[in-house]
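Visitor: What follows is a structure written as structure tokens; I'll ask about it next.
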Amino acid sequence: MFITLEGPDGSGKSMQIGGLAEFIRSQGYEVITTREPGGTAIGDQIREVIMRMDNKAMHPRTEILLFCAARAQIVSEVIKPNLEKGVVVLSDRYADSTLAYQGYGHRIDLDILRRILAFVTDGLTPDLTLLLDVDVEKGLSRRHSSGGEWNRLDDYELAFHQRVRNGYLELAAADPKRWKVIDAGNSPQQVQLALQEAVRTILKPKPRG
Ligand code: TMP
């Protein structure tokens with residue numbers, strides 16, 4: 001089972017993923033968590049290049065290919081082998097981040113991106129995608145005040161982040177079977193419970209023994 005967490009910056013994915021993995025484990029499943037970009041030795045090096053504040057000259061097409069290079073690596077090195085062993089894979093971001101940020105955010109043609117993504121992921125689509133939806137200004141101010149890593153991509157203007165949020169909502173509305181929208185403006189405890197509720201719909205507790 002492949003589950004992805006998506007959302008605009010500051011939506012709290014990274015804070016929630018550990019608790020959700022713990023919940024899945026408590027249902028009797030083996031689970032691993034991954035994050036993009038990164039999650040492999042090669043992917044972490046690519047992440048460095050993407051995030052560096054002094055790489056301001058990076059063209060959106062370059063950025064896409066770097067995200068996709070890191071993704072191709074994690075799909076083949078980590079995600080697919082674990083899914084084949086029956087392990088639940090829970091990923092902090094995946095291909096939908098490219099559609100939301102590069103497609104809706106940077107206005108790169110969505111059909112071209114979908115074709116690139118099909119190649120990069122070898123056709124692997126999540127079984128469930130949890131969208132942590134949050135007001136853009138609230139999300140960005142959370143990131144500022146939490147003292148978390150501030151990277152080049154956080155520095156884009158507000159309108160960019162607004163397009164990303166709307167893009168996510170559009171993707172979710174177009175495929176409600178795969179997507180579940182969670183109100184990430186609620187308290188962290190409420191958000192965690194909503195995430196668990198959504199996962200429960202596709203993962204029944206395993207009988208022990
Ligand atoms: P995060 O580790 O805080 O989620 O930051 C990753 C940043 O990279 C975030 O701003 C979203 C962005 N991103 C893209 O623009 N495209 C992608 O394909 C991925 C995976 C992330």
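Just remember, in the structure tokens the first chain shown is A, the second B, etc., residues are 1-based per chain, and ligands are 1-based in the order shown.
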For the interface of chain A with ligand 1 (cut-off 9 Å, counting only C-alpha atoms and all ligand atoms), please tabulate each contacting residue of chain A alongside its nearest pair of atoms and their separation in Å to one decimal, rows sorted by chain and increasing number, as CSV.
Guide:
```
residue,atom,partner,partner_atom_place_in_ligand_line,distance
A:Glu6,CA,ligand 1,4 (O),8.4
A:Gly7,CA,ligand 1,4 (O),8.1
A:Pro8,CA,ligand 1,11 (C),7.2
A:Asp9,CA,ligand 1,10 (O),5.7
A:Gly10,CA,ligand 1,3 (O),7.4
A:Lys13,CA,ligand 1,4 (O),7.7
A:Ser14,CA,ligand 1,4 (O),7.5
A:Arg35,CA,ligand 1,2 (O),7.2
A:Glu36,CA,ligand 1,20 (C),4.7
A:Pro37,CA,ligand 1,20 (C),4.8
A:Gly38,CA,ligand 1,20 (C),8.5
A:Arg47,CA,ligand 1,6 (C),8.6
A:Ile50,CA,ligand 1,8 (O),8.0
A:Met51,CA,ligand 1,8 (O),7.6
A:Glu63,CA,ligand 1,15 (O),7.8
A:Ile64,CA,ligand 1,18 (O),6.8
A:Leu66,CA,ligand 1,18 (O),8.6
A:Phe67,CA,ligand 1,18 (O),5.1
A:Cys68,CA,ligand 1,18 (O),6.8
A:Ala70,CA,ligand 1,20 (C),8.6
A:Arg71,CA,ligand 1,20 (C),7.7
A:Asp92,CA,ligand 1,4 (O),7.0
A:Arg93,CA,ligand 1,20 (C),5.4
A:Tyr94,CA,ligand 1,20 (C),5.5
A:Ala95,CA,ligand 1,18 (O),5.9
A:Asp96,CA,ligand 1,18 (O),7.1
A:Ser97,CA,ligand 1,18 (O),4.4
A:Thr98,CA,ligand 1,18 (O),3.6
A:Leu99,CA,ligand 1,18 (O),7.3
A:Ala100,CA,ligand 1,16 (N),7.5
A:Tyr101,CA,ligand 1,15 (O),4.6
A:Gln102,CA,ligand 1,15 (O),5.9
A:Gly105,CA,ligand 1,15 (O),8.3
A:Arg143,CA,ligand 1,3 (O),9.0
A:Gly148,CA,ligand 1,3 (O),8.7
A:Glu149,CA,ligand 1,3 (O),7.5
A:Trp150,CA,ligand 1,3 (O),8.2
A:Asn151,CA,ligand 1,10 (O),7.5
A:Arg152,CA,ligand 1,10 (O),8.0
A:Leu153,CA,ligand 1,10 (O),4.8
A:Asp154,CA,ligand 1,10 (O),5.6
A:Asp155,CA,ligand 1,10 (O),8.9
```
Visitor: At a cut-off of 8 Å, using only C-alpha atoms, what residues contact Gln192 of chain A? Leave out same-chain residues fewer than 2 positions from it and give the result as a PyMOL selection string.
Guide: chain A and resi 16+19-20+188-190+194-196
Visitor: So that I can see what lies close to Val78 of chain A, please list as number ranges by chain the residues with an atom at most 9 Å from it, counting only C-alpha atoms and leaving out residues fewer than 5 positions away in the same chain.
Guide: A: 34, 39-40, 73, 83
Visitor: Looking at only C-alpha atoms, which of A:Gly123, A:Pro60, A:Gly86, A:Gly12 is the one that sits closest to Tyr29 of chain A?
Guide: A:Gly86
Visitor: Enumerate the residues of chain A with a DSSP assignment of strand (DSSP E or B), computed from the backbone, and present them as number ranges by chain.
Guide: A: 2-6, 31-35, 88-92, 128-133, 179-183
Visitor: Please produce a file of those selected residues containing N, CA, C and O atoms, as a compact mmCIF listing (two decimals), in the first residue's frame.
Guide:
```txt
# COMPACT_ATOMS: atom_id res chain seq x y z
N PHE A 2 0.61 2.15 -0.93
CA PHE A 2 1.44 3.36 -1.08
C PHE A 2 0.59 4.58 -0.75
O PHE A 2 -0.41 4.85 -1.42
N ILE A 3 0.98 5.28 0.32
CA ILE A 3 0.22 6.44 0.79
C ILE A 3 1.12 7.67 0.74
O ILE A 3 2.27 7.64 1.19
N THR A 4 0.60 8.77 0.17
CA THR A 4 1.41 9.99 0.12
C THR A 4 0.74 11.13 0.88
O THR A 4 -0.49 11.21 0.95
N LEU A 5 1.59 11.98 1.45
CA LEU A 5 1.12 13.20 2.12
C LEU A 5 1.51 14.37 1.23
O LEU A 5 2.67 14.48 0.82
N GLU A 6 0.56 15.22 0.93
CA GLU A 6 0.84 16.39 0.10
C GLU A 6 0.30 17.63 0.81
O GLU A 6 -0.56 17.53 1.68
N VAL A 31 5.74 -0.61 8.16
CA VAL A 31 5.65 0.66 7.42
C VAL A 31 7.00 1.36 7.38
O VAL A 31 7.78 1.27 8.34
N ILE A 32 7.29 2.02 6.26
CA ILE A 32 8.46 2.91 6.22
C ILE A 32 7.99 4.29 5.77
O ILE A 32 6.98 4.42 5.07
N THR A 33 8.73 5.32 6.23
CA THR A 33 8.41 6.67 5.77
C THR A 33 9.55 7.18 4.89
O THR A 33 10.71 6.84 5.11
N THR A 34 9.18 7.96 3.89
CA THR A 34 10.19 8.55 3.02
C THR A 34 9.83 10.01 2.80
O THR A 34 8.71 10.42 3.12
N ARG A 35 10.79 10.77 2.26
CA ARG A 35 10.44 12.15 1.94
C ARG A 35 11.11 12.57 0.62
O ARG A 35 12.15 12.05 0.24
N VAL A 88 4.02 -1.11 3.92
CA VAL A 88 3.29 0.11 3.61
C VAL A 88 4.32 1.24 3.48
O VAL A 88 5.17 1.42 4.35
N VAL A 89 4.26 1.98 2.39
CA VAL A 89 5.17 3.11 2.19
C VAL A 89 4.39 4.40 2.35
O VAL A 89 3.37 4.61 1.68
N LEU A 90 4.88 5.24 3.27
CA LEU A 90 4.22 6.51 3.57
C LEU A 90 5.20 7.61 3.19
O LEU A 90 6.27 7.72 3.79
N SER A 91 4.85 8.38 2.17
CA SER A 91 5.82 9.35 1.67
C SER A 91 5.38 10.80 1.87
O SER A 91 4.24 11.16 1.58
N ASP A 92 6.30 11.61 2.40
CA ASP A 92 6.11 13.05 2.54
C ASP A 92 6.46 13.66 1.17
O ASP A 92 7.62 13.81 0.85
N LEU A 128 -3.48 6.07 -1.93
CA LEU A 128 -4.19 7.11 -1.19
C LEU A 128 -3.29 8.33 -1.07
O LEU A 128 -2.11 8.20 -0.75
N THR A 129 -3.86 9.51 -1.33
CA THR A 129 -3.10 10.75 -1.17
C THR A 129 -3.85 11.65 -0.20
O THR A 129 -5.03 11.96 -0.41
N LEU A 130 -3.16 12.05 0.87
CA LEU A 130 -3.76 12.88 1.91
C LEU A 130 -3.28 14.31 1.71
O LEU A 130 -2.08 14.58 1.79
N LEU A 131 -4.22 15.19 1.41
CA LEU A 131 -3.85 16.60 1.18
C LEU A 131 -4.09 17.40 2.47
O LEU A 131 -5.22 17.52 2.93
N LEU A 132 -3.00 17.91 3.04
CA LEU A 132 -3.13 18.78 4.21
C LEU A 132 -3.32 20.20 3.70
O LEU A 132 -2.36 20.85 3.27
N ASP A 133 -4.55 20.63 3.73
CA ASP A 133 -4.88 21.92 3.14
C ASP A 133 -4.87 23.02 4.20
O ASP A 133 -5.47 22.86 5.25
N TRP A 179 -7.79 10.90 -3.53
CA TRP A 179 -7.42 12.02 -2.65
C TRP A 179 -8.39 12.17 -1.49
O TRP A 179 -9.60 12.02 -1.66
N LYS A 180 -7.83 12.56 -0.34
CA LYS A 180 -8.67 12.93 0.78
C LYS A 180 -8.13 14.27 1.29
O LYS A 180 -6.94 14.40 1.57
N VAL A 181 -9.01 15.27 1.35
CA VAL A 181 -8.56 16.60 1.80
C VAL A 181 -8.77 16.73 3.31
O VAL A 181 -9.86 16.47 3.82
N ILE A 182 -7.70 17.10 4.00
CA ILE A 182 -7.73 17.23 5.46
C ILE A 182 -7.54 18.71 5.80
O ILE A 182 -6.64 19.36 5.25
N ASP A 183 -8.36 19.23 6.69
CA ASP A 183 -8.22 20.64 7.08
C ASP A 183 -7.06 20.77 8.06
O ASP A 183 -7.18 20.45 9.24
```
Visitor: Using only C-alpha atoms, pick whichever of A:Leu203, A:Gly167, A:Ala173, A:Tyr104 has the shortest atom-to-atom distance to Asp127 of chain A.
Guide: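 Of A:Leu203, A:Gly167, A:Ala173, A:Tyr104, the one nearest Asp127 of chain A is A:Leu203, counting only C-alpha atoms.
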Visitor: Nearest to Gly185 of chain A: which of A:Arg25, A:His161, A:Lys138, A:Arg107 is it, counting only C-alpha atoms?
Guide: A:Lys138
Visitor: Pick out each residue of segment 31-205 of chain A that DSSP on the backbone tags as helix (DSSP H, G or I); I need them as an MDAnalysis selection string.
Guide: chainID A and resid 41:51 60:84 95:105 110:121 136:145 152:155 158:174 188:200
Visitor: Counting only C-alpha atoms, figure out which residue out of A:Gly103, A:Val87, A:Thr201, A:Ile108 gets nearest to Glu170 of chain A.
Guide: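 Closest residue, counting only C-alpha atoms: A:Gly103.
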